[in-house]
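One file, my_file-v9.cif, carrying mmCIF, C-alpha atoms:
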data_final
loop_
_atom_site.label_atom_id
_atom_site.label_comp_id
_atom_site.auth_asym_id
_atom_site.auth_seq_id
_atom_site.Cartn_x
_atom_site.Cartn_y
_atom_site.Cartn_z
CA MET A 1 16.11 -5.53 -3.02
CA LYS A 2 19.15 -4.12 -1.22
CA SER A 3 19.49 -5.20 2.40
CA PHE A 4 18.75 -2.80 5.24
CA THR A 5 18.49 -2.68 9.01
CA TYR A 6 15.13 -2.04 10.64
CA GLU A 7 13.75 -0.44 13.78
CA ARG A 8 10.27 0.50 14.95
CA VAL A 9 9.71 3.70 16.91
CA ASP A 10 6.90 4.84 19.23
CA THR A 11 7.10 8.63 19.13
CA PRO A 12 7.79 11.29 16.47
CA ALA A 13 10.82 12.47 18.50
CA ALA A 14 12.24 8.93 18.53
CA ALA A 15 11.64 8.74 14.78
CA THR A 16 13.55 11.89 13.91
CA ALA A 17 16.34 10.93 16.34
CA ALA A 18 16.63 7.48 14.72
CA PHE A 19 16.74 9.08 11.29
CA ALA A 20 19.43 11.55 12.31
CA ALA A 21 21.53 8.78 13.91
CA THR A 22 21.66 6.54 10.84
CA PRO A 23 22.94 7.60 7.43
CA GLY A 24 20.86 6.19 4.57
CA ALA A 25 17.69 6.02 6.68
CA ARG A 26 14.14 6.31 5.37
CA TYR A 27 10.82 6.36 7.17
CA ILE A 28 8.35 3.61 6.29
CA ALA A 29 4.63 3.79 7.12
CA GLY A 30 2.22 1.90 4.84
CA GLY A 31 5.12 0.99 2.58
CA THR A 32 2.91 0.41 -0.47
CA ASN A 33 4.95 2.76 -2.66
CA LEU A 34 8.36 2.60 -0.96
CA LEU A 35 8.61 -1.21 -0.93
CA ASP A 36 7.57 -1.40 -4.57
CA LEU A 37 10.38 1.03 -5.43
CA MET A 38 12.84 -0.86 -3.20
CA LYS A 39 12.09 -4.11 -5.03
CA LEU A 40 13.09 -2.37 -8.24
CA GLU A 41 16.12 -0.80 -6.49
CA ILE A 42 14.91 2.65 -7.43
CA GLU A 43 14.91 3.39 -3.69
CA THR A 44 17.84 1.88 -1.77
CA PRO A 45 17.65 2.84 1.92
CA THR A 46 20.15 1.11 4.22
CA HIS A 47 18.00 1.62 7.34
CA LEU A 48 14.22 1.72 7.74
CA VAL A 49 12.57 3.58 10.60
CA ASP A 50 9.07 2.11 10.94
CA VAL A 51 6.69 4.92 11.89
CA SER A 52 3.52 2.95 11.16
CA ARG A 53 2.60 2.55 14.83
CA LEU A 54 3.06 6.18 15.90
CA LYS A 55 -0.01 7.38 17.78
CA LEU A 56 -0.78 9.84 15.00
CA ASP A 57 -3.84 7.95 13.83
CA THR A 58 -6.72 10.16 14.95
CA ILE A 59 -8.77 12.92 13.30
CA GLU A 60 -9.52 15.80 15.68
CA PRO A 61 -11.37 19.12 15.31
CA THR A 62 -9.17 22.25 15.31
CA ASP A 63 -9.91 25.49 17.19
CA ASP A 64 -10.84 27.34 14.00
CA GLY A 65 -13.49 24.84 12.91
CA GLY A 66 -11.29 22.63 10.71
CA LEU A 67 -9.85 19.14 11.12
CA ARG A 68 -6.42 17.86 12.07
CA ILE A 69 -5.69 14.52 10.38
CA GLY A 70 -2.92 12.47 12.00
CA ALA A 71 -0.13 11.42 9.63
CA MET A 72 -0.83 7.72 10.26
CA VAL A 73 -4.57 7.84 9.53
CA ARG A 74 -5.15 5.19 6.88
CA ASN A 75 -6.67 6.27 3.54
CA THR A 76 -9.70 4.02 4.19
CA ASP A 77 -10.35 5.64 7.57
CA LEU A 78 -9.93 9.17 6.23
CA ALA A 79 -12.35 8.52 3.35
CA ALA A 80 -14.85 6.94 5.75
CA ASP A 81 -14.73 9.61 8.49
CA GLU A 82 -18.22 11.09 8.89
CA ARG A 83 -16.95 14.67 9.18
CA VAL A 84 -14.81 14.30 6.06
CA ARG A 85 -17.72 12.83 4.10
CA ARG A 86 -20.06 15.59 5.24
CA ASP A 87 -17.81 18.66 5.11
CA TYR A 88 -14.95 17.71 2.77
CA GLY A 89 -16.66 15.38 0.30
CA LEU A 90 -14.01 16.22 -2.30
CA LEU A 91 -11.34 14.58 -0.15
CA SER A 92 -13.37 11.45 0.47
CA ARG A 93 -14.19 11.17 -3.26
CA ALA A 94 -10.55 11.67 -4.28
CA LEU A 95 -9.38 8.95 -1.90
CA VAL A 96 -11.80 6.30 -3.15
CA ALA A 97 -11.00 7.23 -6.77
CA GLY A 98 -7.46 5.91 -6.33
CA ALA A 99 -5.73 2.58 -5.71
CA SER A 100 -7.63 -0.49 -4.42
CA GLY A 101 -9.33 -1.36 -1.14
CA GLN A 102 -6.27 -3.38 -0.07
CA LEU A 103 -3.89 -0.47 -0.71
CA ARG A 104 -6.14 2.13 0.92
CA ASN A 105 -6.22 -0.03 4.07
CA LYS A 106 -2.44 0.20 4.30
CA ALA A 107 -1.59 3.62 2.85
CA THR A 108 -1.29 6.51 5.30
CA THR A 109 -2.08 10.21 4.96
CA SER A 110 1.57 11.28 5.05
CA GLY A 111 2.78 8.44 2.84
CA ASN A 112 0.11 9.25 0.26
CA LEU A 113 1.44 12.82 0.07
CA LEU A 114 4.97 11.50 -0.50
CA GLN A 115 4.33 8.85 -3.15
CA ARG A 116 6.58 9.17 -6.17
CA THR A 117 5.73 9.58 -9.82
CA ARG A 118 4.54 6.62 -11.91
CA CYS A 119 6.41 7.89 -15.01
CA PRO A 120 7.37 4.62 -16.79
CA TYR A 121 10.86 5.98 -17.48
CA PHE A 122 11.34 6.60 -13.74
CA TYR A 123 10.46 2.92 -13.18
CA ASP A 124 12.67 1.58 -16.00
CA THR A 125 16.19 1.51 -14.56
CA ASN A 126 17.66 0.96 -18.04
CA GLN A 127 16.52 4.44 -19.07
CA PRO A 128 17.99 7.80 -18.12
CA CYS A 129 15.84 9.70 -15.63
CA ASN A 130 16.78 12.92 -13.85
CA LYS A 131 14.34 12.18 -11.06
CA ARG A 132 15.82 8.74 -10.36
CA LYS A 133 19.45 9.54 -11.21
CA PRO A 134 20.20 13.27 -11.21
CA GLY A 135 21.99 14.46 -14.33
CA SER A 136 21.34 11.29 -16.37
CA GLY A 137 18.80 12.91 -18.69
CA CYS A 138 15.10 12.45 -19.39
CA ALA A 139 13.89 9.62 -21.61
CA ALA A 140 10.28 10.79 -21.39
CA ILE A 141 11.08 13.95 -23.35
CA GLY A 142 11.03 12.60 -26.90
CA GLY A 143 9.65 9.25 -25.68
CA TYR A 144 6.08 8.05 -25.25
CA ASN A 145 4.74 10.94 -23.24
CA ARG A 146 1.07 11.25 -24.07
CA GLN A 147 0.20 11.18 -20.35
CA HIS A 148 3.02 13.41 -19.13
CA ALA A 149 2.92 16.94 -17.77
CA ILE A 150 1.56 19.82 -19.83
CA ILE A 151 2.02 22.46 -17.17
CA GLY A 152 4.69 22.71 -14.49
CA ALA A 153 7.22 20.67 -16.51
CA SER A 154 10.84 21.62 -17.19
CA ALA A 155 13.62 20.76 -19.65
CA SER A 156 14.81 18.18 -17.07
CA CYS A 157 11.56 16.38 -16.24
CA ILE A 158 7.98 16.07 -17.50
CA ALA A 159 6.75 13.54 -14.92
CA THR A 160 3.35 14.08 -13.32
CA TYR A 161 2.36 13.86 -9.68
CA PRO A 162 0.60 10.49 -9.20
CA GLY A 163 -1.80 10.98 -6.29
CA ASP A 164 -5.48 11.83 -5.98
CA MET A 165 -5.61 12.78 -2.30
CA ALA A 166 -3.17 15.69 -2.53
CA VAL A 167 -5.16 17.20 -5.41
CA ALA A 168 -8.21 17.43 -3.16
CA MET A 169 -6.13 18.71 -0.26
CA ARG A 170 -4.70 21.44 -2.49
CA ALA A 171 -8.19 22.54 -3.51
CA LEU A 172 -9.17 22.56 0.17
CA ASP A 173 -6.07 24.62 1.16
CA ALA A 174 -4.68 22.05 3.59
CA SER A 175 -1.55 22.62 5.66
CA ILE A 176 1.14 20.08 6.52
CA GLU A 177 2.58 19.92 10.04
CA THR A 178 6.05 18.46 10.51
CA MET A 179 8.75 17.68 13.03
CA THR A 180 12.36 18.35 12.06
CA THR A 181 15.43 16.45 13.25
CA ASP A 182 16.28 19.26 15.70
CA GLY A 183 12.99 18.50 17.47
CA LYS A 184 11.25 21.62 16.19
CA GLY A 185 8.28 21.71 13.88
CA ARG A 186 6.78 23.85 11.18
CA THR A 187 3.59 24.23 9.17
CA ILE A 188 3.76 24.21 5.37
CA ALA A 189 0.84 25.27 3.15
CA ILE A 190 0.20 22.49 0.64
CA ALA A 191 0.47 25.09 -2.13
CA GLU A 192 4.14 25.47 -1.14
CA PHE A 193 4.81 21.79 -0.37
CA TYR A 194 5.62 20.32 -3.80
CA LYS A 195 8.57 21.62 -5.80
CA PRO A 196 8.26 22.11 -9.54
CA PRO A 197 10.92 19.93 -11.27
CA GLY A 198 13.17 22.79 -12.47
CA THR A 199 16.74 21.54 -12.71
CA SER A 200 16.46 19.24 -9.66
CA PRO A 201 13.49 16.92 -10.28
CA HIS A 202 14.90 14.34 -7.84
CA ILE A 203 13.66 16.60 -5.03
CA ASP A 204 9.86 16.21 -4.85
CA THR A 205 8.99 18.39 -1.84
CA VAL A 206 10.35 21.18 0.37
CA LEU A 207 10.85 18.73 3.30
CA ASP A 208 14.36 18.70 4.77
CA ALA A 209 16.21 15.40 5.31
CA GLY A 210 14.58 13.54 8.20
CA GLU A 211 11.67 15.98 8.49
CA LEU A 212 8.65 13.92 9.53
CA ILE A 213 5.06 14.77 8.62
CA THR A 214 2.95 14.57 11.79
CA ALA A 215 -0.44 15.85 10.59
CA VAL A 216 -2.42 17.52 7.85
CA THR A 217 -4.89 20.23 8.83
CA LEU A 218 -7.94 21.29 6.85
CA PRO A 219 -9.40 24.79 7.29
CA LYS A 220 -13.06 25.41 8.11
CA PRO A 221 -15.35 23.74 5.55
CA VAL A 222 -16.22 25.89 2.54
CA GLY A 223 -19.65 24.30 2.01
CA GLY A 224 -21.25 23.80 -1.38
CA THR A 225 -21.31 20.67 -3.49
CA HIS A 226 -18.10 18.76 -4.03
CA ILE A 227 -17.34 16.75 -7.16
CA TYR A 228 -14.06 14.98 -7.93
CA ARG A 229 -13.78 13.98 -11.55
CA LYS A 230 -10.86 12.02 -12.92
CA SER A 231 -10.22 12.19 -16.66
CA ALA A 232 -11.34 9.17 -18.68
CA THR A 233 -7.72 8.33 -19.59
CA ALA A 234 -6.56 8.52 -16.00
CA HIS A 235 -9.45 6.35 -14.94
CA LEU A 236 -8.67 3.64 -17.50
CA THR A 237 -5.08 3.46 -16.31
CA ARG A 238 -6.07 3.60 -12.65
CA LEU A 239 -3.02 3.60 -10.47
CA ARG A 240 -2.50 0.82 -7.98
CA MET B 1 1.43 -37.70 2.21
CA SER B 2 0.08 -34.63 0.44
CA ARG B 3 1.37 -32.97 -2.71
CA ARG B 4 2.29 -29.96 -0.58
CA GLY B 5 4.34 -32.20 1.75
CA VAL B 6 6.30 -33.64 -1.18
CA ILE B 7 7.06 -30.19 -2.57
CA ALA B 8 8.12 -28.75 0.79
CA GLY B 9 10.28 -31.80 1.58
CA GLY B 10 11.86 -31.80 -1.87
CA ALA B 11 12.75 -28.12 -1.69
CA THR B 12 14.43 -28.63 1.70
CA SER B 13 16.64 -31.49 0.52
CA VAL B 14 17.69 -29.63 -2.63
CA ALA B 15 18.61 -26.59 -0.55
CA ALA B 16 20.69 -28.76 1.82
CA VAL B 17 22.67 -30.19 -1.09
CA THR B 18 23.40 -26.92 -2.83
CA ILE B 19 24.16 -24.63 0.10
CA ALA B 20 27.03 -26.67 1.57
CA PRO B 21 29.45 -26.54 -1.42
CA THR B 22 28.75 -22.85 -1.99
CA GLY B 23 29.64 -22.12 1.63
CA ALA B 24 32.83 -24.21 1.35
CA VAL B 25 33.98 -22.32 -1.74
CA ALA B 26 33.33 -18.99 -0.07
CA ALA B 27 35.32 -20.11 3.01
CA GLN B 28 38.29 -21.22 0.85
CA ARG B 29 38.41 -17.81 -0.79
CA GLY B 30 38.31 -16.25 2.66
CA ASN B 31 35.65 -13.87 1.44
CA PRO B 32 32.25 -14.99 2.71
CA ALA B 33 29.36 -12.79 1.77
CA PRO B 34 28.30 -10.57 4.69
CA ALA B 35 25.12 -11.83 6.31
CA ALA B 36 22.06 -9.73 5.52
CA PRO B 37 20.53 -7.99 8.55
CA THR B 38 17.83 -9.96 10.33
CA ALA B 39 15.17 -9.03 12.89
CA LYS B 40 13.18 -11.05 15.40
CA THR B 41 9.44 -10.99 15.01
CA THR B 42 6.38 -12.88 16.21
CA LEU B 43 3.77 -13.55 13.57
CA THR B 44 0.34 -14.66 14.73
CA VAL B 45 -1.18 -16.48 11.79
CA ASN B 46 -4.63 -18.06 11.97
CA GLY B 47 -4.41 -18.02 15.76
CA THR B 48 -0.96 -19.62 16.04
CA SER B 49 2.10 -17.64 17.18
CA HIS B 50 5.40 -18.14 15.38
CA GLN B 51 8.63 -16.67 16.72
CA MET B 52 10.87 -16.03 13.75
CA GLU B 53 14.14 -14.39 12.85
CA LEU B 54 13.90 -13.09 9.32
CA ASP B 55 15.99 -11.22 6.79
CA THR B 56 14.47 -7.76 7.16
CA ARG B 57 13.63 -7.77 3.43
CA THR B 58 11.20 -10.69 3.78
CA SER B 59 7.73 -9.66 2.68
CA LEU B 60 4.78 -10.88 4.71
CA LEU B 61 3.87 -12.97 1.67
CA ASP B 62 7.26 -14.71 1.56
CA ALA B 63 7.19 -15.27 5.32
CA LEU B 64 3.83 -17.02 5.00
CA ARG B 65 4.73 -19.09 1.95
CA GLU B 66 8.45 -19.84 2.32
CA HIS B 67 8.91 -19.85 6.09
CA LEU B 68 5.54 -21.05 7.42
CA GLN B 69 4.66 -23.19 4.38
CA LEU B 70 1.23 -21.57 4.20
CA THR B 71 1.16 -21.70 0.42
CA GLY B 72 -2.53 -20.90 0.06
CA THR B 73 -1.65 -17.22 -0.25
CA LYS B 74 -0.37 -16.71 -3.80
CA LYS B 75 2.33 -14.57 -5.37
CA GLY B 76 1.03 -13.02 -8.57
CA CYS B 77 2.60 -9.72 -9.57
CA ASP B 78 4.48 -9.10 -6.28
CA HIS B 79 3.80 -5.36 -6.82
CA GLY B 80 0.38 -4.83 -5.23
CA GLN B 81 -1.54 -4.76 -8.47
CA CYS B 82 -3.19 -8.19 -8.79
CA GLY B 83 -4.49 -9.00 -5.29
CA ALA B 84 -3.51 -12.71 -5.35
CA CYS B 85 -1.60 -12.19 -2.08
CA THR B 86 -4.52 -10.63 -0.18
CA VAL B 87 -4.64 -11.56 3.52
CA ILE B 88 -6.56 -10.06 6.45
CA VAL B 89 -4.51 -8.30 9.15
CA ASP B 90 -6.32 -7.04 12.26
CA GLY B 91 -9.59 -7.29 10.36
CA ARG B 92 -8.43 -5.38 7.27
CA ARG B 93 -7.49 -6.86 3.89
CA ILE B 94 -4.03 -5.91 2.61
CA ASN B 95 -1.57 -6.97 -0.12
CA SER B 96 0.90 -9.18 1.75
CA CYS B 97 3.50 -8.66 -1.02
CA LEU B 98 3.81 -4.93 -0.32
CA THR B 99 4.58 -5.11 3.36
CA LEU B 100 7.47 -6.41 5.45
CA ALA B 101 6.89 -9.36 7.77
CA VAL B 102 8.73 -7.56 10.60
CA MET B 103 6.18 -4.73 10.46
CA HIS B 104 3.42 -7.13 11.56
CA ASP B 105 4.89 -8.25 14.88
CA GLY B 106 2.02 -9.23 17.20
CA GLN B 107 -0.79 -8.49 14.75
CA ALA B 108 -3.52 -11.03 13.93
CA ILE B 109 -3.04 -12.37 10.41
CA THR B 110 -5.73 -14.47 8.70
CA THR B 111 -4.95 -16.36 5.51
CA ILE B 112 -7.14 -18.55 3.31
CA GLU B 113 -6.09 -21.53 5.49
CA GLY B 114 -7.55 -19.75 8.53
CA LEU B 115 -10.94 -18.99 7.00
CA GLY B 116 -12.00 -22.60 6.66
CA THR B 117 -10.87 -26.16 5.99
CA PRO B 118 -11.87 -28.59 3.22
CA ASP B 119 -14.19 -30.26 5.74
CA ALA B 120 -15.57 -27.07 7.27
CA MET B 121 -15.46 -24.39 4.61
CA HIS B 122 -16.14 -20.72 5.22
CA PRO B 123 -19.45 -19.71 3.58
CA MET B 124 -17.49 -17.65 1.02
CA GLN B 125 -15.31 -20.66 0.11
CA ASP B 126 -18.45 -22.77 -0.19
CA ALA B 127 -20.11 -20.18 -2.46
CA PHE B 128 -17.06 -20.01 -4.77
CA VAL B 129 -17.29 -23.79 -5.19
CA THR B 130 -21.06 -23.70 -5.73
CA HIS B 131 -20.86 -20.92 -8.34
CA ASP B 132 -17.60 -22.08 -9.96
CA GLY B 133 -15.99 -18.72 -9.14
CA TYR B 134 -12.65 -19.55 -10.78
CA GLN B 135 -11.02 -21.40 -13.62
CA CYS B 136 -7.36 -22.05 -12.83
CA GLY B 137 -7.85 -21.12 -9.16
CA TYR B 138 -4.62 -19.17 -8.68
CA CYS B 139 -6.30 -15.86 -7.77
CA THR B 140 -9.00 -17.58 -5.72
CA PRO B 141 -7.50 -17.41 -2.19
CA GLY B 142 -6.95 -13.67 -2.66
CA GLN B 143 -10.42 -13.24 -4.12
CA ILE B 144 -11.99 -15.04 -1.16
CA CYS B 145 -10.01 -13.18 1.52
CA SER B 146 -10.86 -9.92 -0.23
CA ALA B 147 -14.55 -10.80 -0.58
CA VAL B 148 -14.87 -11.65 3.12
CA ALA B 149 -13.34 -8.28 4.05
CA VAL B 150 -15.43 -6.41 1.44
CA LEU B 151 -18.66 -7.49 3.11
CA ASP B 152 -17.28 -6.25 6.45
CA GLU B 153 -16.28 -2.93 4.85
CA ILE B 154 -19.79 -2.34 3.50
CA LYS B 155 -21.23 -3.29 6.89
CA ALA B 156 -18.88 -0.77 8.55
CA GLY B 157 -20.16 1.96 6.21
CA ILE B 158 -16.88 2.55 4.35
CA PRO B 159 -17.65 4.38 1.07
CA SER B 160 -16.39 3.39 -2.39
CA HIS B 161 -15.96 5.09 -5.76
CA VAL B 162 -19.49 4.06 -6.83
CA THR B 163 -21.26 5.09 -3.61
CA GLY B 164 -23.95 7.53 -4.77
CA ASP B 165 -24.48 9.76 -1.74
CA ILE B 166 -21.21 9.71 0.13
CA THR B 167 -22.80 11.08 3.31
CA LYS B 168 -25.02 7.99 3.61
CA ALA B 169 -24.20 4.35 4.31
CA PRO B 170 -23.14 2.51 1.13
CA LYS B 171 -25.67 0.13 -0.41
CA LEU B 172 -25.08 -3.59 -0.57
CA ASN B 173 -25.44 -4.28 -4.30
CA ALA B 174 -23.56 -5.81 -7.22
CA ALA B 175 -22.11 -2.48 -8.38
CA GLU B 176 -20.56 -1.89 -4.96
CA LEU B 177 -19.19 -5.44 -4.87
CA ARG B 178 -17.64 -5.13 -8.35
CA GLU B 179 -15.95 -1.83 -7.55
CA ARG B 180 -14.63 -3.06 -4.20
CA MET B 181 -13.27 -6.26 -5.77
CA SER B 182 -11.36 -4.27 -8.43
CA GLY B 183 -8.05 -4.87 -6.62
CA ASN B 184 -8.32 -8.61 -7.37
CA ILE B 185 -7.52 -9.56 -10.93
CA CYS B 186 -8.70 -12.88 -12.43
CA ARG B 187 -6.83 -13.59 -15.63
CA CYS B 188 -9.19 -16.45 -16.51
CA GLY B 189 -12.03 -13.93 -16.42
CA ALA B 190 -14.30 -15.73 -13.96
CA TYR B 191 -15.64 -12.39 -12.75
CA SER B 192 -19.33 -13.05 -13.34
CA ASN B 193 -19.21 -16.26 -11.30
CA ILE B 194 -17.13 -14.54 -8.61
CA ILE B 195 -19.82 -11.84 -8.29
CA ASP B 196 -22.48 -14.57 -8.19
CA ALA B 197 -20.65 -16.25 -5.32
CA ILE B 198 -20.15 -13.06 -3.28
CA SER B 199 -23.73 -11.93 -3.96
CA ASP B 200 -24.99 -15.29 -2.75
CA VAL B 201 -23.19 -14.89 0.59
CA ALA B 202 -24.24 -11.24 0.85
CA GLY B 203 -27.87 -12.08 0.05
CA VAL B 204 -28.15 -9.69 -2.89
CA LYS B 205 -29.15 -10.15 -6.54
CA PRO B 206 -26.04 -10.29 -8.76
#
For this file, write the structure as C-alpha cells.
Amino acid sequence: MKSFTYERVDTPAAATAAFAATPGARYIAGGTNLLDLMKLEIETPTHLVDVSRLKLDTIEPTDDGGLRIGAMVRNTDLAADERVRRDYGLLSRALVAGASGQLRNKATTSGNLLQRTRCPYFYDTNQPCNKRKPGSGCAAIGGYNRQHAIIGASASCIATYPGDMAVAMRALDASIETMTTDGKGRTIAIAEFYKPPGTSPHIDTVLDAGELITAVTLPKPVGGTHIYRKSATAHLTRLR
Amino acid sequence: MSRRGVIAGGATSVAAVTIAPTGAVAAQRGNPAPAAPTAKTTLTVNGTSHQMELDTRTSLLDALREHLQLTGTKKGCDHGQCGACTVIVDGRRINSCLTLAVMHDGQAITTIEGLGTPDAMHPMQDAFVTHDGYQCGYCTPGQICSAVAVLDEIKAGIPSHVTGDITKAPKLNAAELRERMSGNICRCGAYSNIIDAISDVAGVKP
C-alpha cells in the first residue's frame, strides 16, 4: 500500500474543505472497498479524509412521506430499520443479499453507492484496464467475460456494477444529496447518478471532485409486495 | 515461558540485528528513505488503553497482532473474505483487516483474548471445545467472535438473507445461524460442529 496522511473530520463542511486543501485526497468511511483496492495499489490516495464519524447516521422521515437516510448509516442499520423493512422491503432484502455480516456492519450508505467494479481484469494490475488506467485497453473484451455486461457496455469497458443496494434504490427512485467543495449542495436522481462507461470508464458517477454524499432520500412508499431476486450465478459467486 | 513469548522475543532480536546495518548503508549514501506518515491513536482493547503512534497504513489487525502482540486474531486472506480477523468493535463484529487502526481511536475493541481465558472460558469458547468446532483452529478465533456477535444480532432483531417475513423479528434457528456465519470460512470444513457449538449456546436444535 502507498503511504498517505490521515485526518478525521466532524462536519461535512470540514470534510469538503479538507479535500479541497489537499491534492490526492480521498474520503474514507467504512473503507471495506477502498482499503482493499489500496492494498492492491489500484487506488493510491496520498491523503485520507475520514468521514466515518460525521453525524450523518440517522434515518428521518421527509415532508413528503419518504425517508432521508444519512450517508453514514451502516448497511446493517439500514436493513434493520423498521420503516425500511415495512415500506421498502426491496431495499432491506437487497442489503442482506450482499456481502457478509461483518462487512455490512462497517459499510455505509454512501460508500456502498460508490463501490467499484469487481471485474477481475480491473483487479489484476498486470492486465490492461481502461477503468483502472485510462487508455490502456480492456482485457475483459476477448477475455473470460461470461459474467460481464450485456447492456450498457461500450467498446472501452464491459465491467458490471457490483452492488445490490443501489439496484433497489434505483427501483425505488431514490435521490442522492451532496455537498460540493464550494459549500453548496445538490440533489441527483439515482437514475442520473451512474455514468455509462462510454469512452471514459474510469469515471463511475457524475460526482465532481470532492463532492460529498450527505444523504439518500426515498420517495413515499409505493406499497405492494417487494421481492429481490439475485440470479443463481450471482448468488454462487456472492461478493464480499 | 510460553511459545508466544519465544516467538515475540525472537522476532524483536532479529529485527534489532537487521535494521541497524540497513540504516547505516542508507546514511552513507546520504539518501535515507523518507519516513512514512504516522498518526497518534489510542486503542482500547479488551478494556486496556494503549497510546500508539502508527504508520497510517497499519490495519487494525496488524496493530493488534504486530504492535500489541495479541496474536489470537488471525490474518487469513487480508481482504475481508475469510473472516479469520473478526473482532468486535463497539458491540459490532467487523473484519479487522479491512479497517485502519487510526480510525478506531477511543472505540472499545474486543478480541478473542478479551472474551475469555483458558481458565475462565466464554460459553462460546467452551462450546467450540465441547463440540470440536475446528480442526486446525486457525479460523476459530474469528468464528467465535463472529458467533458471539451473531447471537446479539438475532436478539436485536437484525434481519438476514434467510429471514422469512422481513417485517417480523428473525427466528433463532440453524438456518439463520448458518447464513449469518457465512462470512467466516473454515477450510478444514468443521462447519457442522461449528453449528453444533453455536446452537448449543443459543439453545436451539442444530
Point-to-point distance in Å for atom CA of Ser182 of chain B and atom CA of Gln102 of chain A:
9.8 Å
Contacts of segment 113-117 of chain B at 9 Å or less, counting all atoms listed in the file, minus same-chain residues fewer than 6 places along, as a list in words?
Val45, Asn46, Gly47, Leu70, Thr71, Gly72, Thr73, Pro123, Met124, Gln125, Pro141 and Cys145 of chain B
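Ranking B:Gln69, B:Thr140, B:Thr163, B:Thr111 by their shortest atom-to-atom distance to chain A, with only C-alpha atoms included, puts B:Thr163 first.
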State, in Å with one decimal place, the distance from atom CA of Thr48 of chain B to atom CA of Val102 of chain B.
16.4 Å
Work out how far apart atom CA of Gly98 of chain A and atom CA of Asp164 of chain A are and give it in Å to one decimal.
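Rounded to one decimal, the two atoms are 6.3 Å apart.
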Any chance you could tabulate, as a tab-separated table, the residues of chain A at most 7 Å from chain B with each one's nearest atom pair and distance in Å to one decimal, using only C-alpha atoms, in chain and rising number order?
residue	atom	partner	partner_atom	distance
A:Ser3	CA	B:Ala36	CA	6.1
A:Phe4	CA	B:Pro37	CA	6.4
A:Thr5	CA	B:Pro37	CA	5.7
A:Tyr6	CA	B:Thr56	CA	6.7
A:Gly31	CA	B:Thr99	CA	6.2
A:Thr32	CA	B:Leu98	CA	5.4
A:Leu35	CA	B:Leu98	CA	6.1
A:Asp36	CA	B:His79	CA	5.9
A:Ala80	CA	B:Ile158	CA	5.0
A:Arg85	CA	B:Thr167	CA	5.4
A:Arg86	CA	B:Thr167	CA	5.6
A:Arg93	CA	B:His161	CA	6.8
A:Val96	CA	B:His161	CA	5.1
A:Ala97	CA	B:His161	CA	5.5
A:Ser100	CA	B:Gly183	CA	4.9
A:Gly101	CA	B:Arg180	CA	6.4
A:Gln102	CA	B:Ile94	CA	4.3
A:Leu103	CA	B:Ile94	CA	6.4
A:Asn105	CA	B:Ile94	CA	6.4
A:Lys106	CA	B:Ile94	CA	6.5
A:Arg240	CA	B:Gln81	CA	5.7
Given the selection you just returned, output its residues as a file containing C-alpha atoms, formatted as an mmCIF file, keeping the file's coordinate frame.
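Done, and the output landed in selection_10.cif:
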data_model
loop_
_atom_site.group_PDB
_atom_site.id
_atom_site.type_symbol
_atom_site.label_atom_id
_atom_site.label_comp_id
_atom_site.auth_asym_id
_atom_site.auth_seq_id
_atom_site.Cartn_x
_atom_site.Cartn_y
_atom_site.Cartn_z
ATOM 1 C CA SER A 3 19.490 -5.200 2.400
ATOM 2 C CA PHE A 4 18.750 -2.800 5.240
ATOM 3 C CA THR A 5 18.490 -2.680 9.010
ATOM 4 C CA TYR A 6 15.130 -2.040 10.640
ATOM 5 C CA GLY A 31 5.120 0.990 2.580
ATOM 6 C CA THR A 32 2.910 0.410 -0.470
ATOM 7 C CA LEU A 35 8.610 -1.210 -0.930
ATOM 8 C CA ASP A 36 7.570 -1.400 -4.570
ATOM 9 C CA ALA A 80 -14.850 6.940 5.750
ATOM 10 C CA ARG A 85 -17.720 12.830 4.100
ATOM 11 C CA ARG A 86 -20.060 15.590 5.240
ATOM 12 C CA ARG A 93 -14.190 11.170 -3.260
ATOM 13 C CA VAL A 96 -11.800 6.300 -3.150
ATOM 14 C CA ALA A 97 -11.000 7.230 -6.770
ATOM 15 C CA SER A 100 -7.630 -0.490 -4.420
ATOM 16 C CA GLY A 101 -9.330 -1.360 -1.140
ATOM 17 C CA GLN A 102 -6.270 -3.380 -0.070
ATOM 18 C CA LEU A 103 -3.890 -0.470 -0.710
ATOM 19 C CA ASN A 105 -6.220 -0.030 4.070
ATOM 20 C CA LYS A 106 -2.440 0.200 4.300
ATOM 21 C CA ARG A 240 -2.500 0.820 -7.980
#
With the PyMOL selection byres ((chain A and resi 94) around 10) as the selection, what would be picked from this file? Answer as a list in words, please.
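Output of the PyMOL selection byres ((chain A and resi 94) around 10): Ala79, Gly89, Leu90, Leu91, Ser92, Arg93, Leu95, Val96, Ala97, Gly98, Gly163, Asp164, Met165, Ala166, Val167, Ala168, Met169, Ile227, Tyr228, Arg229 and Lys230 of chain A; His161 of chain B.
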Apply the PyMOL selection byres ((chain A and resi 214-219) around 10) to the file shown and report the selected residues as a ChimeraX atom specification.
/A:12,54-73,84,88,109-110,113,169-170,172-179,185,187-190,211-213,220-222
Would you kindly return, as an MDAnalysis selection string, each protein, DNA or RNA residue with an atom no farther than 10 Å from any atom of Lys133 of chain A, considering only C-alpha atoms and excluding same-chain residues fewer than 5 positions away?
chainID A and resid 42 122 125 127:128 138 201:202
Just want the 10 Å neighbourhood of segment 126-129 of chain B, counted on all atoms listed in the file, with same-chain residues fewer than 5 positions away dropped. Output as a PyMOL selection string.
chain B and resi 116+118+120-121+134+140+143-144+193-201
What would segment 102-106 of chain A look like with N, CA and C atoms in place, written as an mmCIF file, in the coordinates of the input?
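Below you can see part.cif, which holds the result:
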data_model
loop_
_atom_site.group_PDB
_atom_site.id
_atom_site.type_symbol
_atom_site.label_atom_id
_atom_site.label_comp_id
_atom_site.auth_asym_id
_atom_site.auth_seq_id
_atom_site.Cartn_x
_atom_site.Cartn_y
_atom_site.Cartn_z
ATOM 1 N N GLN A 102 -7.412 -2.828 -0.816
ATOM 2 C CA GLN A 102 -6.270 -3.380 -0.070
ATOM 3 C C GLN A 102 -5.223 -2.287 0.189
ATOM 4 N N LEU A 103 -4.917 -1.506 -0.852
ATOM 5 C CA LEU A 103 -3.890 -0.470 -0.710
ATOM 6 C C LEU A 103 -4.361 0.659 0.198
ATOM 7 N N ARG A 104 -5.626 1.035 0.089
ATOM 8 C CA ARG A 104 -6.140 2.130 0.920
ATOM 9 C C ARG A 104 -6.168 1.732 2.402
ATOM 10 N N ASN A 105 -6.265 0.430 2.679
ATOM 11 C CA ASN A 105 -6.220 -0.030 4.070
ATOM 12 C C ASN A 105 -4.836 0.146 4.672
ATOM 13 N N LYS A 106 -3.821 0.167 3.834
ATOM 14 C CA LYS A 106 -2.440 0.200 4.300
ATOM 15 C C LYS A 106 -1.863 1.621 4.203
#
